[in-house]
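Undergrad: query_12.cif (mmCIF, C-alpha atoms and all ligand atoms) pasted underneath:
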```cif
data_model
loop_
_atom_site.label_atom_id
_atom_site.label_comp_id
_atom_site.auth_asym_id
_atom_site.auth_seq_id
_atom_site.Cartn_x
_atom_site.Cartn_y
_atom_site.Cartn_z
CA MET J 1476 0.00 0.00 0.00
CA GLY J 1477 1.33 3.46 -0.88
CA GLU J 1478 1.74 5.85 2.03
CA PRO J 1479 -1.60 7.65 2.45
CA GLN J 1480 -1.91 11.41 2.46
CA PRO J 1481 -2.65 12.72 6.01
CA ILE J 1482 -6.32 11.76 5.79
CA LEU J 1483 -6.40 9.98 9.13
CA ASP J 1484 -4.70 12.73 11.14
CA PRO J 1485 -6.93 14.31 13.80
CA LEU J 1486 -9.07 17.33 12.98
CA THR J 1487 -7.22 20.64 13.29
CA PRO J 1488 -8.60 24.00 14.47
CA ALA J 1489 -8.06 25.58 11.02
CA ALA J 1490 -8.64 24.49 7.44
CA ILE J 1491 -9.01 25.95 3.96
CA PHE J 1492 -10.75 24.01 1.22
CA LEU J 1493 -9.88 25.08 -2.32
CA VAL J 1494 -11.82 23.66 -5.25
CA VAL J 1495 -10.13 24.44 -8.54
CA THR J 1496 -10.96 24.01 -12.21
CA ILE J 1497 -8.18 23.63 -14.77
CA ASP J 1498 -8.42 25.79 -17.91
CA GLU J 1499 -8.20 24.31 -21.36
CA ASP J 1500 -4.46 23.97 -21.98
CA GLY J 1501 -3.77 24.44 -18.28
CA GLU J 1502 -2.90 20.78 -17.78
CA ALA J 1503 0.90 21.20 -17.86
CA VAL J 1504 0.79 23.91 -15.18
CA ALA J 1505 -1.56 21.78 -13.07
CA ARG J 1506 0.78 18.78 -13.36
CA ASP J 1507 3.76 20.92 -12.32
CA LEU J 1508 1.81 22.15 -9.33
CA LEU J 1509 0.84 18.61 -8.29
CA ALA J 1510 4.45 17.46 -8.58
CA ASP J 1511 5.73 20.45 -6.56
CA LEU J 1512 3.04 20.44 -3.86
CA PRO J 1513 4.88 18.28 -1.32
CA GLY J 1514 7.83 20.69 -1.56
CA LEU J 1515 5.57 23.76 -1.32
CA ARG J 1516 3.98 22.37 1.80
CA ARG J 1517 7.37 21.66 3.33
CA SER J 1518 8.62 25.20 2.53
CA VAL J 1519 5.62 26.82 4.21
CA GLY J 1520 5.27 24.33 7.07
CA PHE J 1521 8.92 24.14 8.05
CA ARG J 1522 9.00 27.89 8.70
CA MET J 1523 6.04 27.47 11.08
CA PRO J 1524 7.08 24.85 13.61
CA GLY J 1525 4.10 23.46 15.46
CA SER J 1526 1.66 24.46 12.75
CA GLY J 1527 1.14 20.83 11.67
CA LEU J 1528 0.47 22.13 8.17
CA ALA J 1529 -0.88 19.38 5.93
CA CYS J 1530 -2.52 19.30 2.53
CA ILE J 1531 -4.57 16.49 1.05
CA THR J 1532 -4.72 16.87 -2.72
CA SER J 1533 -7.47 15.17 -4.69
CA ILE J 1534 -8.26 14.91 -8.38
CA GLY J 1535 -11.65 14.73 -10.10
CA SER J 1536 -12.61 12.13 -12.71
CA ALA J 1537 -12.56 14.35 -15.82
CA ALA J 1538 -9.34 16.02 -14.67
CA TRP J 1539 -7.75 12.62 -14.18
CA ASP J 1540 -8.33 11.80 -17.85
CA ARG J 1541 -6.86 15.16 -18.91
CA LEU J 1542 -3.80 14.94 -16.66
CA PHE J 1543 -2.72 11.31 -16.69
CA SER J 1544 -2.37 8.33 -18.98
CA GLY J 1545 -2.60 4.81 -17.66
CA PRO J 1546 -4.95 3.32 -15.13
CA LYS J 1547 -7.48 5.30 -13.19
CA PRO J 1548 -8.81 4.60 -9.71
CA ALA J 1549 -11.42 1.92 -10.30
CA GLN J 1550 -14.40 3.76 -8.75
CA LEU J 1551 -13.54 7.35 -9.69
CA HIS J 1552 -16.49 9.14 -11.29
CA GLU J 1553 -18.15 12.55 -11.17
CA PHE J 1554 -20.46 13.40 -8.29
CA PRO J 1555 -23.87 12.14 -9.45
CA GLY J 1556 -26.08 14.65 -7.62
CA PHE J 1557 -29.34 13.61 -5.98
CA ALA J 1558 -32.85 14.98 -6.29
CA GLY J 1559 -35.40 14.03 -3.69
CA GLU J 1560 -39.01 15.19 -3.59
CA ARG J 1561 -38.18 17.99 -1.21
CA HIS J 1562 -34.41 18.52 -1.23
CA ARG J 1563 -31.64 18.29 -3.78
CA ALA J 1564 -27.88 17.79 -3.77
CA PRO J 1565 -26.51 19.71 -6.75
CA VAL J 1566 -23.42 18.89 -8.81
CA THR J 1567 -20.85 21.67 -9.03
CA PRO J 1568 -17.57 21.84 -10.97
CA GLY J 1569 -14.14 20.96 -9.60
CA ASP J 1570 -11.01 19.37 -11.05
CA LEU J 1571 -8.74 19.55 -8.01
CA LEU J 1572 -9.42 19.78 -4.30
CA PHE J 1573 -6.86 21.05 -1.82
CA HIS J 1574 -7.84 20.24 1.76
CA ILE J 1575 -5.35 22.36 3.69
CA LYS J 1576 -5.31 21.97 7.47
CA ALA J 1577 -3.18 23.25 10.33
CA GLU J 1578 -3.18 24.41 13.91
CA ASN J 1579 -3.37 28.03 12.74
CA GLN J 1580 -5.01 29.82 9.90
CA ASP J 1581 -1.91 31.73 8.76
CA ALA J 1582 -0.22 28.47 7.76
CA CYS J 1583 -3.29 27.40 5.75
CA PHE J 1584 -3.56 30.82 4.14
CA GLU J 1585 0.10 30.95 3.13
CA LEU J 1586 -0.10 27.58 1.39
CA ALA J 1587 -3.40 28.53 -0.28
CA MET J 1588 -1.72 31.68 -1.64
CA LYS J 1589 1.17 29.66 -3.04
CA ILE J 1590 -1.22 27.25 -4.73
CA ALA J 1591 -3.18 30.15 -6.24
CA GLU J 1592 0.03 31.81 -7.49
CA ARG J 1593 1.15 28.60 -9.16
CA LEU J 1594 -2.24 28.13 -10.84
CA ALA J 1595 -2.56 31.71 -12.11
CA GLY J 1596 -3.44 31.79 -15.80
CA ALA J 1597 -4.06 28.04 -15.93
CA GLY J 1598 -7.04 27.52 -13.67
CA ALA J 1599 -9.72 29.12 -11.52
CA ILE J 1600 -10.52 28.76 -7.86
CA VAL J 1601 -14.23 28.05 -7.97
CA ASP J 1602 -14.63 27.76 -4.22
CA GLN J 1603 -12.58 28.80 -1.21
CA THR J 1604 -14.00 27.86 2.16
CA VAL J 1605 -12.27 28.85 5.36
CA GLY J 1606 -13.15 26.32 8.03
CA PHE J 1607 -12.67 26.78 11.76
CA ARG J 1608 -13.07 24.78 14.94
CA TYR J 1609 -16.15 25.90 16.84
CA PHE J 1610 -16.05 25.13 20.56
CA GLU J 1611 -15.81 21.33 21.14
CA GLN J 1612 -15.75 20.32 17.46
CA ARG J 1613 -19.33 21.57 17.16
CA ASP J 1614 -21.09 22.51 13.94
CA LEU J 1615 -22.94 25.82 13.73
CA LEU J 1616 -26.14 23.98 14.65
CA GLY J 1617 -24.44 23.60 18.05
CA PHE J 1618 -23.96 19.81 17.95
CA VAL J 1619 -20.66 17.96 18.29
CA ASP J 1620 -19.80 16.71 14.79
CA GLY J 1621 -17.47 13.77 14.16
CA THR J 1622 -18.01 11.61 17.25
CA GLU J 1623 -18.87 8.40 15.44
CA ASN J 1624 -15.91 8.58 13.10
CA PRO J 1625 -13.99 5.31 13.16
CA GLU J 1626 -10.63 5.32 14.95
CA GLY J 1627 -7.28 3.59 14.49
CA GLN J 1628 -7.22 0.62 12.14
CA LEU J 1629 -10.98 0.89 11.60
CA ALA J 1630 -10.47 4.42 10.24
CA ALA J 1631 -7.76 3.20 7.86
CA THR J 1632 -10.00 0.40 6.63
CA ALA J 1633 -12.94 2.77 6.14
CA ALA J 1634 -11.04 5.53 4.35
CA LEU J 1635 -8.27 3.85 2.39
CA VAL J 1636 -8.39 1.78 -0.77
CA GLY J 1637 -6.90 -1.65 -0.16
CA GLU J 1638 -5.60 -4.46 -2.32
CA GLU J 1639 -8.84 -4.54 -4.36
CA ASP J 1640 -7.19 -1.78 -6.46
CA PRO J 1641 -3.46 -2.34 -5.85
CA GLU J 1642 -2.21 0.51 -8.05
CA PHE J 1643 -4.15 2.96 -5.88
CA ALA J 1644 -4.00 1.24 -2.49
CA GLY J 1645 -3.57 3.88 0.20
CA GLY J 1646 -5.70 6.38 -1.76
CA SER J 1647 -9.17 7.52 -0.81
CA TYR J 1648 -12.39 8.64 -2.49
CA VAL J 1649 -13.55 12.08 -1.43
CA ILE J 1650 -16.94 13.83 -1.56
CA VAL J 1651 -17.35 17.47 -0.60
CA GLN J 1652 -20.54 19.46 -0.18
CA LYS J 1653 -21.18 22.89 1.27
CA TYR J 1654 -24.32 23.13 3.36
CA LEU J 1655 -25.88 26.44 4.43
CA HIS J 1656 -27.94 26.41 7.62
CA ASP J 1657 -31.15 28.33 8.19
CA LEU J 1658 -30.24 29.30 11.73
CA ASN J 1659 -33.42 31.29 12.32
CA SER J 1660 -35.63 28.24 11.78
CA TRP J 1661 -33.17 26.07 13.68
CA LYS J 1662 -33.11 28.34 16.70
CA ALA J 1663 -36.90 28.41 16.72
CA LEU J 1664 -36.80 24.70 17.69
CA SER J 1665 -36.50 23.68 21.33
CA THR J 1666 -33.32 21.81 22.29
CA THR J 1667 -35.37 18.62 22.61
CA GLU J 1668 -36.68 19.07 19.06
CA GLN J 1669 -33.18 19.78 17.74
CA GLU J 1670 -31.94 16.59 19.41
CA LYS J 1671 -34.66 14.67 17.55
CA VAL J 1672 -33.41 16.13 14.26
CA ILE J 1673 -29.83 15.04 14.90
CA GLY J 1674 -30.47 11.90 16.98
CA ARG J 1675 -28.02 12.81 19.77
CA THR J 1676 -28.10 14.97 22.87
CA LYS J 1677 -26.85 18.50 22.35
CA LEU J 1678 -24.84 19.30 25.47
CA ASP J 1679 -23.08 16.02 26.17
CA ASP J 1680 -23.35 14.34 22.75
CA PHE J 1681 -24.88 10.95 23.56
CA GLU J 1682 -26.86 9.02 20.97
CA LEU J 1683 -30.60 8.91 21.71
CA SER J 1684 -32.04 5.51 22.51
CA ASP J 1685 -33.80 3.66 19.70
CA ALA J 1686 -37.12 4.53 21.32
CA GLU J 1687 -36.33 8.26 21.40
CA LYS J 1688 -34.52 8.56 18.06
CA PRO J 1689 -36.85 9.31 15.13
CA ALA J 1690 -36.32 7.33 11.90
CA ASN J 1691 -35.75 10.58 10.01
CA SER J 1692 -33.08 11.85 12.41
CA HIS J 1693 -29.66 12.46 10.84
CA VAL J 1694 -27.98 9.71 12.85
CA ALA J 1695 -30.69 7.12 12.11
CA VAL J 1696 -30.59 7.87 8.36
CA ASN J 1697 -26.78 7.62 8.32
CA ASP J 1698 -26.49 4.53 10.52
CA GLN J 1699 -22.99 3.31 9.70
CA ASP J 1700 -23.69 -0.17 11.07
CA GLU J 1701 -26.19 -0.51 8.25
CA ILE J 1702 -24.51 1.41 5.40
CA GLY J 1703 -20.77 1.17 6.01
CA THR J 1704 -18.23 3.47 7.59
CA ILE J 1705 -16.65 6.69 6.34
CA VAL J 1706 -14.19 9.21 7.77
CA ARG J 1707 -15.64 12.73 7.99
CA ALA J 1708 -13.61 15.90 8.48
CA ASN J 1709 -16.47 18.44 8.47
CA MET J 1710 -15.70 22.05 9.39
CA PRO J 1711 -17.95 25.01 10.17
CA PHE J 1712 -17.60 28.13 8.03
CA GLY J 1713 -19.50 31.36 7.75
CA SER J 1714 -19.81 35.09 7.25
CA VAL J 1715 -21.71 37.22 9.71
CA GLN J 1716 -21.80 40.00 7.11
CA ASP J 1717 -23.61 37.80 4.62
CA GLY J 1718 -25.65 35.92 7.20
CA GLU J 1719 -24.00 32.73 5.94
CA PHE J 1720 -23.62 29.87 8.40
CA GLY J 1721 -22.51 26.53 7.08
CA THR J 1722 -20.97 23.12 7.37
CA TYR J 1723 -18.33 22.00 4.90
CA TYR J 1724 -19.01 18.29 4.58
CA ILE J 1725 -16.01 16.24 3.50
CA ALA J 1726 -15.98 12.45 3.57
CA TYR J 1727 -13.14 10.06 2.80
CA ALA J 1728 -14.01 6.46 1.92
CA ASP J 1729 -12.45 3.37 0.39
CA ASP J 1730 -15.51 3.11 -1.85
CA PRO J 1731 -17.56 6.14 -2.99
CA ALA J 1732 -20.72 4.01 -3.01
CA ILE J 1733 -20.84 4.26 0.80
CA PRO J 1734 -21.12 8.08 1.10
CA GLU J 1735 -23.32 8.07 -2.04
CA ASN J 1736 -25.68 5.59 -0.38
CA MET J 1737 -25.80 7.90 2.63
CA LEU J 1738 -26.78 10.76 0.34
CA ILE J 1739 -29.43 8.63 -1.35
CA ARG J 1740 -30.90 7.90 2.05
CA MET J 1741 -30.66 11.54 3.14
CA PHE J 1742 -32.23 12.99 0.00
CA LEU J 1743 -34.42 10.18 -1.39
CA GLY J 1744 -35.32 8.59 1.91
CA THR J 1745 -35.19 5.18 3.59
CA ALA J 1746 -37.83 2.52 4.20
CA ASP J 1747 -38.86 4.45 7.33
CA ALA J 1748 -38.15 8.10 6.51
CA ALA J 1749 -39.04 10.36 3.57
CA TYR J 1750 -35.70 12.19 3.92
CA ASP J 1751 -33.15 13.28 6.53
CA ARG J 1752 -34.75 15.98 8.66
CA ILE J 1753 -31.44 17.88 8.91
CA LEU J 1754 -32.15 18.95 5.30
CA ASP J 1755 -35.09 21.09 6.45
CA PHE J 1756 -32.45 23.30 8.08
CA SER J 1757 -29.42 22.75 5.84
CA THR J 1758 -29.25 23.30 2.08
CA ALA J 1759 -26.55 21.70 -0.07
CA VAL J 1760 -25.09 24.33 -2.42
CA THR J 1761 -22.13 22.43 -3.87
CA GLY J 1762 -21.25 18.80 -4.56
CA THR J 1763 -18.09 17.37 -6.12
CA SER J 1764 -16.24 14.04 -6.06
CA PHE J 1765 -12.50 13.40 -6.16
CA PHE J 1766 -9.82 10.81 -5.50
CA ALA J 1767 -6.93 11.46 -3.11
CA PRO J 1768 -4.07 9.26 -4.37
CA PRO J 1769 -1.44 7.94 -1.97
CA ALA J 1770 1.30 10.47 -1.15
CA THR J 1771 3.80 8.48 -3.20
CA PHE J 1772 1.76 9.13 -6.37
CA PHE J 1773 2.95 12.75 -6.46
CA GLU J 1774 6.62 11.71 -6.38
CA ALA J 1775 6.34 10.14 -9.86
CA LEU J 1776 3.21 11.26 -11.68
CA PRO J 1777 2.04 9.02 -14.53
CA ASP J 1778 2.82 10.40 -18.00
CA ALA J 1779 0.51 13.06 -19.40
CA PRO J 1780 -1.88 11.57 -21.99
CA ALA J 1781 -0.27 13.53 -24.85
CA ALA J 1782 3.25 12.54 -23.83
CA ALA J 1783 2.26 8.90 -23.60
CA ALA J 1784 0.54 9.01 -27.02
CA ALA J 1785 3.54 10.75 -28.62
CA ARG J 1786 5.88 8.09 -27.30
CA LEU J 1787 3.70 5.28 -28.57
CA ASP J 1788 3.53 6.96 -32.02
CA SER J 1789 7.24 7.57 -32.28
CA GLY J 1790 8.06 3.90 -32.90
CA PRO J 1791 11.40 2.76 -31.52
CA ARG J 1792 12.03 3.92 -28.02
CA SER J 1793 14.06 7.05 -27.32
CA ALA J 1794 17.67 6.56 -26.30
CA SER J 1795 17.14 8.83 -23.31
CA PRO J 1796 17.13 6.70 -20.16
CA HIS J 1797 14.73 9.18 -18.53
CA LEU J 1798 12.17 8.97 -21.34
CA GLU J 1799 12.69 5.25 -21.57
CA ARG J 1800 11.68 4.87 -17.96
CA GLY J 1801 8.64 7.13 -18.34
CA SER J 1802 7.47 5.28 -21.40
CA GLU J 1803 7.89 1.91 -19.78
CA ALA J 1804 5.98 3.07 -16.74
CA SER J 1805 3.19 4.37 -18.93
CA GLU J 1806 2.96 1.13 -20.89
CA ARG J 1807 3.01 -0.92 -17.74
CA ARG J 1808 0.12 1.10 -16.38
CA LYS J 1809 -1.81 0.64 -19.66
CA GLU J 1810 -1.19 -3.11 -19.72
CA GLU J 1811 -2.27 -3.42 -16.12
CA ALA J 1812 -5.38 -1.39 -16.84
CA SER J 1813 -6.43 -3.56 -19.75
CA SER J 1814 -5.62 -6.80 -17.92
CA GLN J 1815 -7.77 -5.65 -15.00
CA GLY J 1816 -10.53 -4.43 -17.29
CA ARG J 1817 -10.40 -0.84 -16.17
CA GLY J 1818 -8.84 2.46 -17.15
CA GLN J 1819 -10.83 4.92 -19.21
CA PRO J 1820 -14.60 4.94 -18.64
CA GLU J 1821 -16.42 2.63 -21.00
CA ARG J 1822 -18.69 4.23 -23.54
CA SER J 1823 -22.02 2.68 -24.44
CA GLY J 1824 -23.80 4.70 -27.13
CA ASP J 1825 -23.64 8.38 -26.19
CA ARG J 1826 -23.50 7.70 -22.53
CA VAL J 1827 -20.26 7.64 -20.62
CA ASP J 1828 -20.43 4.90 -18.04
CA THR J 1829 -18.88 6.68 -15.10
CA GLY J 1830 -19.51 3.87 -12.64
CA SER J 1831 -21.90 6.15 -10.77
CA LEU J 1832 -24.95 4.74 -9.09
CA GLY J 1833 -26.90 7.05 -11.43
CA ILE J 1834 -29.79 7.51 -9.02
CA GLY J 1835 -31.51 10.87 -8.94
CA THR J 1836 -28.84 12.46 -11.08
CA LEU J 1837 -28.66 16.23 -11.37
CA ARG J 1838 -25.85 16.22 -13.90
CA ASN J 1839 -26.25 19.00 -16.49
CA LEU J 1840 -29.20 20.50 -14.65
C1 LIG J 1901 -25.50 19.86 7.13
C2 LIG J 1901 -24.45 19.07 7.07
C3 LIG J 1901 -24.17 18.09 8.17
C4 LIG J 1901 -24.12 18.32 9.50
C5 LIG J 1901 -24.29 19.64 10.24
C6 LIG J 1901 -23.85 17.04 10.12
C7 LIG J 1901 -23.75 16.85 11.49
C8 LIG J 1901 -23.64 15.62 12.11
C9 LIG J 1901 -23.68 15.40 13.53
C10 LIG J 1901 -23.84 16.49 14.57
C11 LIG J 1901 -23.54 14.08 13.75
C12 LIG J 1901 -23.55 13.35 15.10
C13 LIG J 1901 -22.18 13.16 15.69
C14 LIG J 1901 -21.24 12.32 14.87
O1 LIG J 1901 -21.21 11.10 14.95
O2 LIG J 1901 -20.50 12.93 14.10
C15 LIG J 1901 -23.41 13.46 12.47
C16 LIG J 1901 -23.26 12.11 12.26
C17 LIG J 1901 -23.08 11.55 11.04
N1 LIG J 1901 -23.17 12.17 9.81
FE1 LIG J 1901 -23.49 14.11 9.49
N2 LIG J 1901 -23.73 16.09 9.16
C18 LIG J 1901 -23.94 16.69 7.95
C19 LIG J 1901 -23.94 16.09 6.71
C20 LIG J 1901 -23.69 14.77 6.52
C21 LIG J 1901 -23.66 14.12 5.24
C22 LIG J 1901 -23.91 14.84 3.91
C23 LIG J 1901 -23.38 12.83 5.47
C24 LIG J 1901 -23.23 11.68 4.50
C25 LIG J 1901 -23.51 11.74 3.23
C26 LIG J 1901 -23.24 12.64 6.89
C27 LIG J 1901 -22.92 11.46 7.51
C28 LIG J 1901 -22.91 11.26 8.86
C29 LIG J 1901 -22.61 9.98 9.47
C30 LIG J 1901 -22.22 8.71 8.77
C31 LIG J 1901 -22.74 10.16 10.85
C32 LIG J 1901 -22.55 9.12 11.95
C33 LIG J 1901 -23.79 8.27 12.08
C34 LIG J 1901 -23.59 7.18 13.11
O3 LIG J 1901 -23.09 6.11 12.73
O4 LIG J 1901 -23.90 7.41 14.28
N3 LIG J 1901 -23.44 13.84 7.50
N4 LIG J 1901 -23.48 14.42 11.47
#
```
Rewrite the structure from the file as structure tokens, please.

TA:
Amino acid sequence: MGEPQPILDPLTPAAIFLVVTIDEDGEAVARDLLADLPGLRRSVGFRMPGSGLACITSIGSAAWDRLFSGPKPAQLHEFPGFAGERHRAPVTPGDLLFHIKAENQDACFELAMKIAERLAGAGAIVDQTVGFRYFEQRDLLGFVDGTENPEGQLAATAALVGEEDPEFAGGSYVIVQKYLHDLNSWKALSTTEQEKVIGRTKLDDFELSDAEKPANSHVAVNDQDEIGTIVRANMPFGSVQDGEFGTYYIAYADDPAIPENMLIRMFLGTADAAYDRILDFSTAVTGTSFFAPPATFFEALPDAPAAAAARLDSGPRSASPHLERGSEASERRKEEASSQGRGQPERSGDRVDTGSLGIGTLRNL
């Protein structure tokens, strides 16, 4: 298994989430940035001892095809979006996700600036969210968020791809969504009512008993014993000027079907609940899926698609040992992809089979 990015490290008090799109012809700059990121992080972090600066870099499905030749993470596809009768989870653009986290905001901000400088002219930052710790890891609804995250080896098993996809073992599938809370309606509820929406007590964060916990409570709908386990690193964000109060939802999983199933249950309902009641107070405004490769991936990126194609066209191999190695690596990846029956998405008619569950899709809406 490749060494994972710092997905399993504990939550920090500060984070910045950058979602980026890559311009047409911006691929070379984006690749350079990806290759240099570990060094950028070291340069910023080393000057700030104790900051614990970390960055988890993830790549979207379409961007993967533009940036790399060779095999692709087996389950990587675009965020499908979900439309329930009452609430919807929209799909929003994003080629790269930088989940920057640290003990202090200045460290996050400095690295975010460096990333933006390196992308200038080749991409756009489509979302920047500044996340902060709020009291005892509470969300802006006032509830402790993250308690039932798995720990230790269970967290690694939940978040990290294993030997089922050996090329990408140690990587993780990522879903992000920004939710905006209607705090006026929320605060109009009594604490007891709020606890029924979440399914846990507010002050001391205990799960309600089965008898007390409504089927449409957030915890009942997302019962991990039933659906599977994910690692969440949600952060509150907001602007008092704009009256914006939100939760940045970010989930890491070894299989994107698990968080997608949770979203299906939240938005389309379960056998016992029409939808997750938290959605009456929280509106999803973004939704994007990515893959966070193992850290080692960035040390030797796969060839760019054009470079790989040019080498295959050029007949006899180049005498350059460097190019020789790159070409061999690229061919090895291609051979492995075809022998394992994966790689580029399969096309059937006009439809690209992205591997998505395809339920309640909002794509292109
Ligand atoms: C408005 C956005 C959200 C807020 C404020 C929120 C808040 C919370 C809170 C307070 C808890 C209880 C404590 C805990 O175990 O962490 C919780 C649990 C959980 N949430 Fe969320 N959440 C949000 C969105 C989501 C989404 C979109 C998903 C999945 C698609 C999700 C999945 C879960 C899971 C799996 C649990 C643990 C359930 C269990 O096994 O007990 N949450 N969330």

Undergrad: Calculated over all atoms listed in the file, which of the candidates J:Asp1680, J:Glu1499, J:Glu1774, J:Asp1747 has the smallest distance to ligand LIG 1901 (chain J)?

TA: J:Asp1680

Undergrad: Please determine, counting only C-alpha atoms, which residue among J:Asp1657, J:Glu1592, J:Glu1502, J:Glu1639 has the shortest atom-to-atom distance to Glu1719 of chain J.

TA: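 Result for the nearest residue to Glu1719 of chain J: J:Asp1657.
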
Undergrad: Find the residues near ligand LIG 1901 (chain J). Use a cut-off of 6 Å, count only C-alpha atoms and all ligand atoms, and write them as a PDB file with C-alpha atoms, keeping the file's coordinate frame.

TA:
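What ended up in part-v8.pdb:
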```
ATOM      1  CA  ASP J1614     -21.090  22.510  13.940  1.00  0.00           C
ATOM      2  CA  PHE J1618     -23.960  19.810  17.950  1.00  0.00           C
ATOM      3  CA  VAL J1619     -20.660  17.960  18.290  1.00  0.00           C
ATOM      4  CA  ASP J1620     -19.800  16.710  14.790  1.00  0.00           C
ATOM      5  CA  GLY J1621     -17.470  13.770  14.160  1.00  0.00           C
ATOM      6  CA  THR J1622     -18.010  11.610  17.250  1.00  0.00           C
ATOM      7  CA  GLU J1623     -18.870   8.400  15.440  1.00  0.00           C
ATOM      8  CA  TYR J1654     -24.320  23.130   3.360  1.00  0.00           C
ATOM      9  CA  VAL J1694     -27.980   9.710  12.850  1.00  0.00           C
ATOM     10  CA  ASN J1697     -26.780   7.620   8.320  1.00  0.00           C
ATOM     11  CA  ASP J1698     -26.490   4.530  10.520  1.00  0.00           C
ATOM     12  CA  GLN J1699     -22.990   3.310   9.700  1.00  0.00           C
ATOM     13  CA  THR J1722     -20.970  23.120   7.370  1.00  0.00           C
ATOM     14  CA  TYR J1724     -19.010  18.290   4.580  1.00  0.00           C
ATOM     15  CA  PRO J1734     -21.120   8.080   1.100  1.00  0.00           C
ATOM     16  CA  MET J1737     -25.800   7.900   2.630  1.00  0.00           C
ATOM     17  CA  LEU J1738     -26.780  10.760   0.340  1.00  0.00           C
ATOM     18  CA  SER J1757     -29.420  22.750   5.840  1.00  0.00           C
TER      19      SER J1757
END
```

Undergrad: Report, in Å with one decimal, the straight-line distance from atom CA of Arg1561 of chain J to atom CA of Leu1743 of chain J.

TA: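 Value for the atom CA of Arg1561 of chain J-atom CA of Leu1743 of chain J distance: 8.7 Å.
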
Undergrad: Would you write out, as JSON lines, a table of all residues in segment 1716-1806 of chain J that have an atom no more than 10 Å from an atom of segment 1528-1542 of chain J, listing for each the closest atom pair and the distance in Å to one decimal, considering all atoms listed in the file and ordering rows by chain and rising residue number?

TA:
```
{"residue": "J:Thr1763", "atom": "CA", "partner": "J:Gly1535", "partner_atom": "CA", "distance": 8.0}
{"residue": "J:Ser1764", "atom": "CA", "partner": "J:Gly1535", "partner_atom": "CA", "distance": 6.2}
{"residue": "J:Phe1765", "atom": "CA", "partner": "J:Gly1535", "partner_atom": "CA", "distance": 4.2}
{"residue": "J:Phe1766", "atom": "CA", "partner": "J:Ser1533", "partner_atom": "CA", "distance": 5.0}
{"residue": "J:Ala1767", "atom": "CA", "partner": "J:Ser1533", "partner_atom": "CA", "distance": 4.1}
{"residue": "J:Pro1768", "atom": "CA", "partner": "J:Ser1533", "partner_atom": "CA", "distance": 6.8}
{"residue": "J:Pro1769", "atom": "CA", "partner": "J:Thr1532", "partner_atom": "CA", "distance": 9.5}
{"residue": "J:Ala1770", "atom": "CA", "partner": "J:Ile1531", "partner_atom": "CA", "distance": 8.7}
{"residue": "J:Phe1773", "atom": "CA", "partner": "J:Thr1532", "partner_atom": "CA", "distance": 9.5}
{"residue": "J:Leu1776", "atom": "CA", "partner": "J:Leu1542", "partner_atom": "CA", "distance": 9.4}
{"residue": "J:Pro1777", "atom": "CA", "partner": "J:Leu1542", "partner_atom": "CA", "distance": 8.6}
{"residue": "J:Asp1778", "atom": "CA", "partner": "J:Leu1542", "partner_atom": "CA", "distance": 8.1}
{"residue": "J:Ala1779", "atom": "CA", "partner": "J:Leu1542", "partner_atom": "CA", "distance": 5.4}
{"residue": "J:Pro1780", "atom": "CA", "partner": "J:Leu1542", "partner_atom": "CA", "distance": 6.6}
{"residue": "J:Ala1781", "atom": "CA", "partner": "J:Arg1541", "partner_atom": "CA", "distance": 9.0}
```

Undergrad: Residues as selected, C-alpha atoms, written as a compact mmCIF listing (two decimals), in the coordinates of the input, can you do that?

TA:
```
# COMPACT_ATOMS: atom_id res chain seq x y z
CA THR J 1763 -18.09 17.37 -6.12
CA SER J 1764 -16.24 14.04 -6.06
CA PHE J 1765 -12.50 13.40 -6.16
CA PHE J 1766 -9.82 10.81 -5.50
CA ALA J 1767 -6.93 11.46 -3.11
CA PRO J 1768 -4.07 9.26 -4.37
CA PRO J 1769 -1.44 7.94 -1.97
CA ALA J 1770 1.30 10.47 -1.15
CA PHE J 1773 2.95 12.75 -6.46
CA LEU J 1776 3.21 11.26 -11.68
CA PRO J 1777 2.04 9.02 -14.53
CA ASP J 1778 2.82 10.40 -18.00
CA ALA J 1779 0.51 13.06 -19.40
CA PRO J 1780 -1.88 11.57 -21.99
CA ALA J 1781 -0.27 13.53 -24.85
```

Undergrad: Need the shell around segment 1660-1662 of chain J: protein/DNA/RNA residues with any atom at most 10 Å away, counting only C-alpha atoms. Skip same-chain ones fewer than 4 positions apart. Format as a PyMOL selection string?

TA: chain J and resi 1616-1617+1656+1666+1668-1669+1672+1753+1755-1757

Undergrad: Hey, can you spit out that residue selection with C-alpha atoms as a PDB file, in the coordinates of the input?

TA:
```
ATOM      1  CA  LEU J1616     -26.140  23.980  14.650  1.00  0.00           C
ATOM      2  CA  GLY J1617     -24.440  23.600  18.050  1.00  0.00           C
ATOM      3  CA  HIS J1656     -27.940  26.410   7.620  1.00  0.00           C
ATOM      4  CA  THR J1666     -33.320  21.810  22.290  1.00  0.00           C
ATOM      5  CA  GLU J1668     -36.680  19.070  19.060  1.00  0.00           C
ATOM      6  CA  GLN J1669     -33.180  19.780  17.740  1.00  0.00           C
ATOM      7  CA  VAL J1672     -33.410  16.130  14.260  1.00  0.00           C
ATOM      8  CA  ILE J1753     -31.440  17.880   8.910  1.00  0.00           C
ATOM      9  CA  ASP J1755     -35.090  21.090   6.450  1.00  0.00           C
ATOM     10  CA  PHE J1756     -32.450  23.300   8.080  1.00  0.00           C
ATOM     11  CA  SER J1757     -29.420  22.750   5.840  1.00  0.00           C
TER      12      SER J1757
END
```

Undergrad: Extract, using only C-alpha atoms, all DNA, RNA and protein residues at most 10 Å from Pro1641 of chain J, discarding same-chain residues fewer than 3 positions from it, and format them as a list in words.

TA: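 In the requested format, the answer is Met1476, Gly1477, Pro1548, Val1636, Gly1637, Glu1638, Ala1644, Gly1645 and Gly1646 of chain J.
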